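Note: the block below is my_file_3.json and it holds JSON, C-alpha atoms.
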```json
[["chain", "number", "residue", "atom", "x", "y", "z"],
["Y", 1, "MET", "CA", 0.00, 0.00, 0.00],
["Y", 2, "PRO", "CA", 1.29, 3.47, -0.74],
["Y", 3, "GLY", "CA", 2.66, 5.27, 2.30],
["Y", 4, "ARG", "CA", 2.67, 2.15, 4.47],
["Y", 5, "THR", "CA", 5.58, 2.05, 6.87],
["Y", 6, "ALA", "CA", 7.76, -0.92, 7.73],
["Y", 7, "VAL", "CA", 6.48, -3.39, 10.30],
["Y", 8, "PRO", "CA", 8.45, -3.30, 13.57],
["Y", 9, "LEU", "CA", 10.65, -6.41, 13.81],
["Y", 10, "ASP", "CA", 12.50, -7.61, 16.91],
["Y", 11, "ASP", "CA", 15.64, -9.76, 17.01],
["Y", 12, "ILE", "CA", 13.64, -13.01, 17.02],
["Y", 13, "ASP", "CA", 11.63, -11.90, 13.94],
["Y", 14, "ARG", "CA", 14.90, -11.08, 12.17],
["Y", 15, "GLN", "CA", 16.38, -14.47, 13.07],
["Y", 16, "ILE", "CA", 13.25, -16.18, 11.74],
["Y", 17, "LEU", "CA", 13.49, -14.23, 8.47],
["Y", 18, "SER", "CA", 17.19, -15.02, 8.13],
["Y", 19, "ARG", "CA", 16.59, -18.75, 8.66],
["Y", 20, "LEU", "CA", 13.61, -18.88, 6.28],
["Y", 21, "LEU", "CA", 15.55, -17.02, 3.58],
["Y", 22, "LYS", "CA", 18.32, -19.62, 3.84],
["Y", 23, "ASP", "CA", 15.89, -22.55, 3.79],
["Y", 24, "GLY", "CA", 12.18, -21.93, 3.28],
["Y", 25, "ARG", "CA", 11.53, -25.65, 3.87],
["Y", 26, "VAL", "CA", 12.89, -25.69, 7.40],
["Y", 27, "SER", "CA", 10.43, -27.25, 9.82],
["Y", 28, "VAL", "CA", 8.84, -25.00, 12.42],
["Y", 29, "ARG", "CA", 10.29, -27.29, 15.06],
["Y", 30, "ALA", "CA", 13.86, -26.84, 13.74],
["Y", 31, "LEU", "CA", 13.28, -23.11, 13.27],
["Y", 32, "ALA", "CA", 12.03, -22.75, 16.85],
["Y", 33, "GLU", "CA", 15.08, -24.65, 18.15],
["Y", 34, "ASP", "CA", 17.44, -22.49, 16.05],
["Y", 35, "VAL", "CA", 16.05, -19.20, 17.42],
["Y", 36, "HIS", "CA", 15.42, -20.58, 20.96],
["Y", 37, "ILE", "CA", 11.65, -20.14, 21.15],
["Y", 38, "SER", "CA", 8.74, -22.56, 21.52],
["Y", 39, "ARG", "CA", 7.05, -24.07, 18.47],
["Y", 40, "ALA", "CA", 3.82, -22.28, 19.40],
["Y", 41, "ASN", "CA", 5.69, -18.97, 19.50],
["Y", 42, "ALA", "CA", 7.33, -19.75, 16.13],
["Y", 43, "TYR", "CA", 3.94, -20.55, 14.55],
["Y", 44, "THR", "CA", 2.47, -17.34, 15.98],
["Y", 45, "ARG", "CA", 5.37, -15.20, 14.76],
["Y", 46, "ILE", "CA", 5.40, -16.72, 11.26],
["Y", 47, "GLY", "CA", 1.62, -16.25, 11.07],
["Y", 48, "ARG", "CA", 1.99, -12.59, 12.07],
["Y", 49, "LEU", "CA", 4.80, -12.02, 9.56],
["Y", 50, "VAL", "CA", 2.60, -13.50, 6.83],
["Y", 51, "ALA", "CA", -0.50, -11.55, 7.94],
["Y", 52, "GLU", "CA", 1.48, -8.29, 7.96],
["Y", 53, "ASP", "CA", 2.91, -9.00, 4.45],
["Y", 54, "VAL", "CA", 6.49, -9.15, 5.69],
["Y", 55, "ILE", "CA", 6.55, -12.70, 4.32],
["Y", 56, "THR", "CA", 4.61, -12.78, 1.07],
["Y", 57, "GLY", "CA", 5.11, -16.42, 0.17],
["Y", 58, "PHE", "CA", 7.34, -19.47, 0.25],
["Y", 59, "THR", "CA", 8.98, -20.48, -3.03],
["Y", 60, "ALA", "CA", 11.71, -22.64, -4.50],
["Y", 61, "GLN", "CA", 14.73, -21.01, -6.12],
["Y", 62, "LEU", "CA", 15.50, -22.42, -9.53],
["Y", 63, "ASN", "CA", 18.69, -22.65, -11.50],
["Y", 64, "PRO", "CA", 17.23, -21.25, -14.75],
["Y", 65, "GLN", "CA", 19.62, -23.10, -17.07],
["Y", 66, "ARG", "CA", 19.10, -26.47, -15.38],
["Y", 67, "ALA", "CA", 15.34, -25.88, -15.44],
["Y", 68, "GLY", "CA", 15.36, -25.32, -19.22],
["Y", 69, "LEU", "CA", 15.39, -21.52, -19.26],
["Y", 70, "GLY", "CA", 18.77, -20.96, -20.90],
["Y", 71, "THR", "CA", 18.18, -17.42, -22.16],
["Y", 72, "SER", "CA", 17.68, -14.51, -19.77],
["Y", 73, "ALA", "CA", 17.27, -10.86, -20.66],
["Y", 74, "TYR", "CA", 16.29, -7.58, -19.11],
["Y", 75, "VAL", "CA", 13.86, -5.68, -21.28],
["Y", 76, "THR", "CA", 13.43, -1.96, -20.72],
["Y", 77, "LEU", "CA", 10.15, -0.35, -21.73],
["Y", 78, "THR", "CA", 9.12, 3.19, -22.42],
["Y", 79, "ILE", "CA", 5.40, 3.47, -21.81],
["Y", 80, "GLU", "CA", 2.62, 6.00, -22.18],
["Y", 81, "GLN", "CA", 1.92, 8.12, -19.13],
["Y", 82, "ASN", "CA", -0.66, 6.57, -16.77],
["Y", 83, "ALA", "CA", -0.45, 3.16, -18.50],
["Y", 84, "TRP", "CA", 1.48, 1.37, -15.71],
["Y", 85, "ARG", "CA", -1.46, -0.41, -14.07],
["Y", 86, "ASP", "CA", -2.77, -1.93, -17.30],
["Y", 87, "ILE", "CA", 0.69, -2.80, -18.61],
["Y", 88, "SER", "CA", 1.83, -4.36, -15.32],
["Y", 89, "ARG", "CA", -1.34, -6.46, -15.22],
["Y", 90, "GLU", "CA", -0.65, -7.83, -18.72],
["Y", 91, "LEU", "CA", 3.06, -8.41, -18.12],
["Y", 92, "ARG", "CA", 2.40, -10.22, -14.82],
["Y", 93, "ASP", "CA", 0.40, -12.90, -16.65],
["Y", 94, "MET", "CA", 2.78, -13.27, -19.62],
["Y", 95, "PRO", "CA", 4.72, -16.55, -20.00],
["Y", 96, "TYR", "CA", 8.47, -16.30, -19.24],
["Y", 97, "VAL", "CA", 8.14, -12.90, -17.54],
["Y", 98, "GLU", "CA", 9.69, -13.31, -14.10],
["Y", 99, "HIS", "CA", 9.92, -9.81, -12.64],
["Y", 100, "VAL", "CA", 8.42, -6.42, -13.52],
["Y", 101, "VAL", "CA", 9.32, -3.06, -11.92],
["Y", 102, "LEU", "CA", 8.35, 0.58, -12.44],
["Y", 103, "LEU", "CA", 11.42, 2.84, -12.56],
["Y", 104, "THR", "CA", 12.56, 6.41, -12.69],
["Y", 105, "GLY", "CA", 15.19, 7.47, -15.18],
["Y", 106, "ASP", "CA", 15.73, 6.79, -18.87],
["Y", 107, "PHE", "CA", 13.17, 3.95, -19.00],
["Y", 108, "ASP", "CA", 9.82, 3.44, -17.33],
["Y", 109, "VAL", "CA", 9.68, -0.32, -16.79],
["Y", 110, "LEU", "CA", 12.25, -3.09, -16.35],
["Y", 111, "VAL", "CA", 11.21, -6.67, -17.11],
["Y", 112, "LEU", "CA", 13.22, -9.83, -16.43],
["Y", 113, "VAL", "CA", 12.45, -12.51, -19.02],
["Y", 114, "ARG", "CA", 13.71, -16.09, -18.71],
["Y", 115, "ALA", "CA", 13.00, -18.19, -21.79],
["Y", 116, "PRO", "CA", 14.15, -21.56, -23.16],
["Y", 117, "ASP", "CA", 16.09, -20.01, -26.04],
["Y", 118, "ASN", "CA", 16.56, -16.89, -28.20],
["Y", 119, "LEU", "CA", 13.58, -17.76, -30.41],
["Y", 120, "ALA", "CA", 11.23, -17.87, -27.41],
["Y", 121, "LEU", "CA", 12.75, -14.63, -26.08],
["Y", 122, "ARG", "CA", 12.20, -13.00, -29.50],
["Y", 123, "ARG", "CA", 8.52, -14.04, -29.41],
["Y", 124, "VAL", "CA", 8.04, -12.70, -25.89],
["Y", 125, "VAL", "CA", 9.56, -9.31, -26.76],
["Y", 126, "LEU", "CA", 8.36, -8.77, -30.34],
["Y", 127, "GLU", "CA", 4.98, -10.51, -30.25],
["Y", 128, "ASN", "CA", 3.87, -10.20, -26.63],
["Y", 129, "ILE", "CA", 5.48, -7.24, -24.86],
["Y", 130, "GLN", "CA", 5.50, -4.87, -27.84],
["Y", 131, "ALA", "CA", 1.82, -5.73, -28.51],
["Y", 132, "VAL", "CA", 0.70, -4.49, -25.08],
["Y", 133, "PRO", "CA", -1.30, -1.27, -25.46],
["Y", 134, "GLY", "CA", 0.64, 1.65, -23.98],
["Y", 135, "VAL", "CA", 4.13, 0.23, -24.66],
["Y", 136, "ARG", "CA", 5.96, 2.77, -26.82],
["Y", 137, "SER", "CA", 9.33, 1.07, -27.20],
["Y", 138, "THR", "CA", 11.51, -1.72, -25.83],
["Y", 139, "ARG", "CA", 15.21, -2.40, -25.53],
["Y", 140, "THR", "CA", 16.58, -5.85, -24.74],
["Y", 141, "TRP", "CA", 19.72, -6.62, -22.74],
["Y", 142, "LEU", "CA", 20.91, -10.25, -22.82],
["Y", 143, "VAL", "CA", 22.26, -11.68, -19.56],
["Y", 144, "PHE", "CA", 25.56, -13.55, -19.97],
["Y", 145, "ASP", "CA", 26.03, -14.50, -16.31],
["Y", 146, "GLU", "CA", 24.54, -13.68, -12.92],
["Y", 147, "VAL", "CA", 25.23, -14.12, -9.23],
["Y", 148, "ARG", "CA", 22.95, -13.72, -6.24],
["Y", 149, "GLY", "CA", 23.72, -10.89, -3.87],
["Y", 150, "ARG", "CA", 23.92, -11.29, -0.16],
["Y", 151, "GLY", "CA", 20.75, -9.34, 0.55],
["Y", 152, "ALA", "CA", 19.93, -7.72, 3.88],
["Y", 153, "ASN", "CA", 21.64, -8.84, 7.05],
["Y", 154, "TRP", "CA", 18.66, -9.93, 9.18],
["Y", 155, "THR", "CA", 20.65, -11.07, 12.18],
["Y", 156, "ALA", "CA", 22.67, -7.90, 12.81]]
```
Take the structure in the file and write it out as structure tokens.
Amino acid sequence: MPGRTAVPLDDIDRQILSRLLKDGRVSVRALAEDVHISRANAYTRIGRLVAEDVITGFTAQLNPQRAGLGTSAYVTLTIEQNAWRDISRELRDMPYVEHVVLLTGDFDVLVLVRAPDNLALRRVVLENIQAVPGVRSTRTWLVFDEVRGRGANWTA
């Protein structure tokens, strides 16, 4: 929600987040033991973190190449003013589109596309993204390699 402030998190909440980010499949029992709280307390805290949208889901992390998505690209879009809501709705449901963000700067939107090959990427960009009403232009940047960053330090 616009203007919503961060949820207050204590040290235990941060430890829970750190542990879940390392392994989202950890059992609540093991999690509770790791952060030295009861299972009931762990369930309550995880439930609160989910209810307050601090945790928005539990997912698996894929190796795109091993999963058959050997071509990745960032696609920048220039869009018509006030078209973001409609464009983001269409992009969100488009096959191979993994991440969509609204930006400031030279481009309006950044889209991460992971496709099986260059032909599929070409179809996504030229036939799908460029066909969305309100998209003025696109520019595609192929990804040669990538590494995951460390992210926030939740236990500090």
Original post:
Do you have the CA of Gly24 in chain Y-CA of Ile55 in chain Y distance handy?
Top reply: 10.9 Å
Original post:
Around (16.3, -13.3, 15.6) in the file's frame, which residues reach within 12 Å when counting all atoms listed in the file? Return as an MDAnalysis selection string?
Top reply: chainID Y and resid 9:20 31:37 42 45 153:156
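For the pair CA of Leu142 in chain Y and CA of Ile87 in chain Y, the separation is 22.0 Å.
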**OP:** Measure the distance from CA of Gly47 in chain Y to CA of Arg25 in chain Y in Å and round it to one decimal.
**Re:**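 Taking CA of Gly47 in chain Y as the start and CA of Arg25 in chain Y as the end point, the length is 15.4 Å.
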**OP:** Could you pull out every residue with an atom within 12 Å of (2.0, -8.2, -18.8), file coordinates, counting all atoms listed in the file, and send them as a ChimeraX atom specification?
**Re:** /Y:77,83-101,109-113,124-125,128-135
Subject >> Option closest in space to Thr59 in chain Y, from Y:Leu102, Y:Ala152, Y:Leu119, Y:Leu21 [counting only C-alpha atoms] >> reply: Y:Leu21
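Shortest atom-to-atom contact with Asn118 in chain Y among Y:Thr44, Y:Thr71, Y:Thr138, Y:Asn82: Y:Thr71, counting all atoms listed in the file.
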Subject >> All residues 12 Å or closer to Asp145 in chain Y, all atoms listed in the file, same chain fewer than 2 positions away omitted, as a list in words >> reply: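 Final neighbour list, sorted by chain and number: Asn63, Pro64, Gln65, Gly70, Thr71, Ser72, Ala73, Trp141, Leu142, Val143, Val147 and Arg148 of chain Y.
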Subject >> From Y:Leu126, Y:Ile79, Y:Pro116, Y:Lys22, residue lying nearest Leu103 in chain Y [only C-alpha atoms] >> reply: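 Of all the options, Y:Ile79 lies closest to Leu103 in chain Y.
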Grab all the atoms of range 41-48 of chain Y that the file lists, wrap them in a box along x, y and z, add 5 Å per side, and give me centre plus edge lengths in Å (one decimal) as JSON.
```
{"center_x": 4.5, "center_y": -16.6, "center_z": 15.3, "size_x": 15.7, "size_y": 18.0, "size_z": 18.4}
```
